[in-house]
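Working notes, beginning with the structure itself.
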Amino acid sequence: GGALADPRWRAAFEEVPRHLFVPYFYLGVVGGYERLWGEDPDPLRRERWLTEAYADAPLATRLRDGELVSSSSQPSLMARMLEYLGVRDGHTILEIGAGTGYNAALLAHRLGDENVTTVDLDPEITDTARNHLAAAGYHPAVVTGDGARGCPSRAPFDRIMATCALPNVPPAWLAQCRPDALVLAPLATGLIALRVLDAEHAAGSFLATPAYFVPLRGGGSAPPARGDGLPRRLPRNDDFRFLLALTAGRLDPVDALDVWRDAGEPGRERFGVSVRGARQWAWLDDPDGPYNWPLDPTG
């Protein structure tokens, strides 16, 4: 997506071949998914595969029993996240959720293989990501493990970037960060940018960008699903739905609507998250203000 200000990231997107990371994927069609793949004997379908591989859209790369378990995120969203990380040469980065390996390749292009670690719980995903990366000429550390535990053997990190939705901030991450590190992670349907002070303290605000990601599997439990049995009169507004997702299980949806209206229908960027020791909570406008909701670190 042509929004990249940093020429180093622009070069990464231009030079890392995305099609090598998505040799096949699924497109949603009426009644399910259609599989497109690069080795398709039909030249027209092969051409569609290549065109879609470079489209600015997320691609479903792994289904299990008809459920999406892994995807290659929309490139323009990845670009915004990477640019927001504000990396500098020599920074070490931990990516939670290896996916296809494409994002790790972009990071390795920018920072060098030795400074990039990507972790995924599923050995099938890490094997595939490692193969894709090697095919494209990149060799960052690809580790099979529970992303909620970070990667202590490769710590400390200057940046942690998650590409799967979290129910809360895993405490292990902060302990593996250098002071003043940045954690960028999907939470509810937003992206939280947390500045880390030390192993016990971090705080930051959400970006304005909506972000919908597959949930983290492993340590934390998935956030409760929303949208079922909600009163019909609740607005479909995306900012309000974000507040609903953020306060799921903590705030009755009708009360959430009152909060949202009283606060002047706030967008994501007015919300934040704070971590102080074992306590972590989401808040509106002020970490110590009246509107705050606990995020349970145990899931």
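In the structure tokens, each chain is lettered A, B, ... as it comes, each chain's residues begin at 1, and ligands are numbered from 1 in order of appearance.
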
Need the shell around A:Gly137: protein/DNA/RNA residues with any atom at most 12 Å away, counting only C-alpha atoms. Skip same-chain ones fewer than 6 positions apart. Format as a list of chain:residue names?
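After dropping sequence-adjacent residues, the list is A:Glu15, A:Val16, A:Pro17, A:Leu20, A:Phe21, A:Gly101, A:Tyr102, A:Ala104, A:Ala105, A:Leu106, A:Ala108, A:His109, A:Gly112, A:Asp113, A:Arg130, A:Asn131.
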
Writer output for current selection, N, CA and C atoms, as a CSV table (one decimal), in the first residue's frame:
chain,number,residue,atom,x,y,z
A,15,GLU,N,11.2,-5.9,-2.5
A,15,GLU,CA,12.2,-6.9,-2.8
A,15,GLU,C,11.9,-8.3,-2.2
A,16,VAL,N,11.0,-8.4,-1.2
A,16,VAL,CA,10.7,-9.7,-0.6
A,16,VAL,C,9.5,-10.3,-1.5
A,17,PRO,N,9.7,-11.4,-2.1
A,17,PRO,CA,8.6,-11.9,-3.0
A,17,PRO,C,7.5,-12.6,-2.3
A,20,LEU,N,6.3,-16.4,-2.8
A,20,LEU,CA,7.0,-17.5,-2.3
A,20,LEU,C,6.5,-18.0,-0.9
A,21,PHE,N,5.8,-17.1,-0.2
A,21,PHE,CA,5.3,-17.4,1.1
A,21,PHE,C,3.8,-17.9,1.1
A,101,GLY,N,5.7,-16.7,7.3
A,101,GLY,CA,7.1,-16.3,7.3
A,101,GLY,C,7.4,-15.0,6.6
A,102,TYR,N,6.3,-14.5,5.9
A,102,TYR,CA,6.5,-13.3,5.1
A,102,TYR,C,6.9,-12.1,6.0
A,104,ALA,N,8.4,-12.1,8.9
A,104,ALA,CA,9.8,-12.3,9.4
A,104,ALA,C,10.8,-12.0,8.3
A,105,ALA,N,10.4,-12.3,7.0
A,105,ALA,CA,11.3,-11.9,5.9
A,105,ALA,C,11.5,-10.4,5.7
A,106,LEU,N,10.3,-9.7,5.9
A,106,LEU,CA,10.4,-8.2,5.8
A,106,LEU,C,11.3,-7.7,6.9
A,108,ALA,N,13.7,-9.4,8.5
A,108,ALA,CA,15.1,-9.8,8.3
A,108,ALA,C,15.7,-8.9,7.2
A,109,HIS,N,14.9,-8.5,6.2
A,109,HIS,CA,15.4,-7.7,5.1
A,109,HIS,C,15.9,-6.3,5.7
A,112,GLY,N,18.4,-7.6,9.3
A,112,GLY,CA,19.4,-8.7,9.3
A,112,GLY,C,18.8,-10.0,10.0
A,113,ASP,N,19.1,-11.1,9.4
A,113,ASP,CA,18.6,-12.4,10.0
A,113,ASP,C,18.9,-12.5,11.5
A,130,ARG,N,9.9,-21.7,7.8
A,130,ARG,CA,11.3,-21.8,7.7
A,130,ARG,C,11.6,-22.1,6.2
A,131,ASN,N,10.8,-23.0,5.6
A,131,ASN,CA,11.1,-23.4,4.2
A,131,ASN,C,10.8,-22.2,3.2

Just the residues within 8 Å of A:Thr117, please, counting only C-alpha atoms, with nothing from its chain fewer than 3 positions along; format it as an MDAnalysis selection string.
chainID A and resid 93:95 104 140:143 154

Who sits within 12 Å of A:Phe240, only C-alpha atoms, same chain under 4 positions skipped, as a VMD selection string:
chain A and resid 188 to 190 210 234 to 236 244 to 247 253 to 261 263 to 268 271

Could you dump the residues just selected with N, CA, C and O atoms as a short mmCIF file (atom, residue, chain, number, x, y, z; two decimals), in the first residue's frame?
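Output contents, as saved in result08.cif:
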data_model
loop_
_atom_site.label_atom_id
_atom_site.label_comp_id
_atom_site.auth_asym_id
_atom_site.auth_seq_id
_atom_site.Cartn_x
_atom_site.Cartn_y
_atom_site.Cartn_z
N ALA A 188 -8.32 -7.00 21.53
CA ALA A 188 -9.69 -6.70 21.10
C ALA A 188 -9.65 -6.58 19.57
O ALA A 188 -9.11 -7.45 18.91
N THR A 189 -10.11 -5.52 18.98
CA THR A 189 -9.98 -5.36 17.51
C THR A 189 -9.12 -4.14 17.18
O THR A 189 -9.33 -3.46 16.19
N GLY A 190 -8.14 -3.88 18.06
CA GLY A 190 -7.25 -2.75 17.86
C GLY A 190 -5.80 -3.17 17.98
O GLY A 190 -5.49 -4.35 18.20
N PRO A 210 -8.20 -0.07 12.76
CA PRO A 210 -8.83 -1.35 13.13
C PRO A 210 -7.90 -2.50 12.77
O PRO A 210 -7.14 -2.41 11.81
N LEU A 234 -28.12 -2.20 19.58
CA LEU A 234 -26.74 -1.74 19.71
C LEU A 234 -26.20 -1.34 18.34
O LEU A 234 -26.42 -2.04 17.36
N PRO A 235 -25.47 -0.22 18.27
CA PRO A 235 -24.99 0.25 16.96
C PRO A 235 -23.97 -0.71 16.35
O PRO A 235 -23.24 -1.39 17.06
N ARG A 236 -23.92 -0.74 15.04
CA ARG A 236 -22.95 -1.58 14.32
C ARG A 236 -21.61 -0.85 14.19
O ARG A 236 -20.68 -1.36 13.58
N LEU A 244 -16.81 -2.90 22.93
CA LEU A 244 -17.45 -4.17 23.33
C LEU A 244 -16.42 -5.29 23.45
O LEU A 244 -16.43 -6.05 24.42
N ALA A 245 -15.53 -5.40 22.46
CA ALA A 245 -14.53 -6.47 22.48
C ALA A 245 -13.55 -6.27 23.64
O ALA A 245 -13.16 -7.21 24.32
N LEU A 246 -13.19 -5.01 23.89
CA LEU A 246 -12.22 -4.69 24.94
C LEU A 246 -12.77 -4.97 26.33
O LEU A 246 -12.03 -5.33 27.24
N THR A 247 -14.08 -4.81 26.51
CA THR A 247 -14.68 -4.94 27.84
C THR A 247 -15.50 -6.22 27.97
O THR A 247 -16.27 -6.38 28.91
N PRO A 253 -23.07 -5.08 27.70
CA PRO A 253 -23.10 -4.33 26.43
C PRO A 253 -23.93 -3.04 26.48
O PRO A 253 -23.53 -2.03 25.89
N VAL A 254 -25.04 -3.08 27.21
CA VAL A 254 -25.87 -1.87 27.28
C VAL A 254 -25.15 -0.77 28.09
O VAL A 254 -25.17 0.41 27.73
N ASP A 255 -24.45 -1.19 29.17
CA ASP A 255 -23.65 -0.23 29.95
C ASP A 255 -22.49 0.31 29.10
O ASP A 255 -22.14 1.49 29.17
N ALA A 256 -21.91 -0.57 28.28
CA ALA A 256 -20.81 -0.15 27.39
C ALA A 256 -21.31 0.95 26.45
O ALA A 256 -20.60 1.92 26.18
N LEU A 257 -22.54 0.81 25.98
CA LEU A 257 -23.11 1.81 25.07
C LEU A 257 -23.26 3.16 25.79
O LEU A 257 -22.94 4.21 25.23
N ASP A 258 -23.69 3.12 27.06
CA ASP A 258 -23.80 4.36 27.85
C ASP A 258 -22.43 5.03 27.99
O ASP A 258 -22.30 6.24 27.81
N VAL A 259 -21.41 4.22 28.33
CA VAL A 259 -20.04 4.76 28.49
C VAL A 259 -19.60 5.42 27.19
O VAL A 259 -19.09 6.53 27.17
N TRP A 260 -19.83 4.70 26.08
CA TRP A 260 -19.37 5.17 24.78
C TRP A 260 -20.04 6.49 24.40
O TRP A 260 -19.39 7.43 23.94
N ARG A 261 -21.36 6.57 24.64
CA ARG A 261 -22.09 7.81 24.31
C ARG A 261 -21.69 8.95 25.24
O ARG A 261 -21.47 10.08 24.78
N ALA A 263 -18.92 9.42 26.66
CA ALA A 263 -17.54 9.86 26.37
C ALA A 263 -17.43 10.51 24.99
O ALA A 263 -16.34 10.84 24.54
N GLY A 264 -18.55 10.68 24.30
CA GLY A 264 -18.51 11.34 22.99
C GLY A 264 -18.13 10.41 21.86
O GLY A 264 -17.44 10.81 20.92
N GLU A 265 -18.54 9.13 21.96
CA GLU A 265 -18.29 8.14 20.90
C GLU A 265 -16.81 8.06 20.53
O GLU A 265 -16.41 8.28 19.38
N PRO A 266 -15.95 7.73 21.53
CA PRO A 266 -14.50 7.74 21.30
C PRO A 266 -14.05 6.67 20.31
O PRO A 266 -14.63 5.58 20.27
N GLY A 267 -13.01 7.00 19.52
CA GLY A 267 -12.35 6.01 18.66
C GLY A 267 -11.29 5.26 19.44
O GLY A 267 -11.01 5.58 20.60
N ARG A 268 -10.67 4.29 18.79
CA ARG A 268 -9.67 3.43 19.46
C ARG A 268 -8.54 4.22 20.11
O ARG A 268 -8.03 3.84 21.15
N PHE A 271 -8.27 4.99 23.83
CA PHE A 271 -8.15 3.90 24.79
C PHE A 271 -6.69 3.48 24.94
O PHE A 271 -5.88 3.69 24.04
#

Pick out the residues sitting within 7 Å of A:Ala129, and hand them over as a VMD selection string; count only C-alpha atoms, and ignore anything fewer than 4 positions along from it in its own chain.
chain A and resid 98 to 101 125 133

Convert the current residue selection to file output with C-alpha atoms, as a PDB file, in the first residue's frame.
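Output (again05.pdb):
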ATOM      1  CA  ALA A  98       5.159 -16.935  12.382  1.00  0.00           C
ATOM      2  CA  GLY A  99       2.317 -17.323   9.883  1.00  0.00           C
ATOM      3  CA  THR A 100       3.751 -17.864   6.398  1.00  0.00           C
ATOM      4  CA  GLY A 101       7.125 -16.322   7.327  1.00  0.00           C
ATOM      5  CA  ILE A 125       3.572 -23.633  10.737  1.00  0.00           C
ATOM      6  CA  LEU A 133      12.071 -18.041   4.276  1.00  0.00           C
TER       7      LEU A 133
END

All residues 8 Å or closer to stretch 62-68 of chain A, only C-alpha atoms, same chain fewer than 6 positions away omitted, as an NGL selection string
:A and (25-26 or 32 or 214)
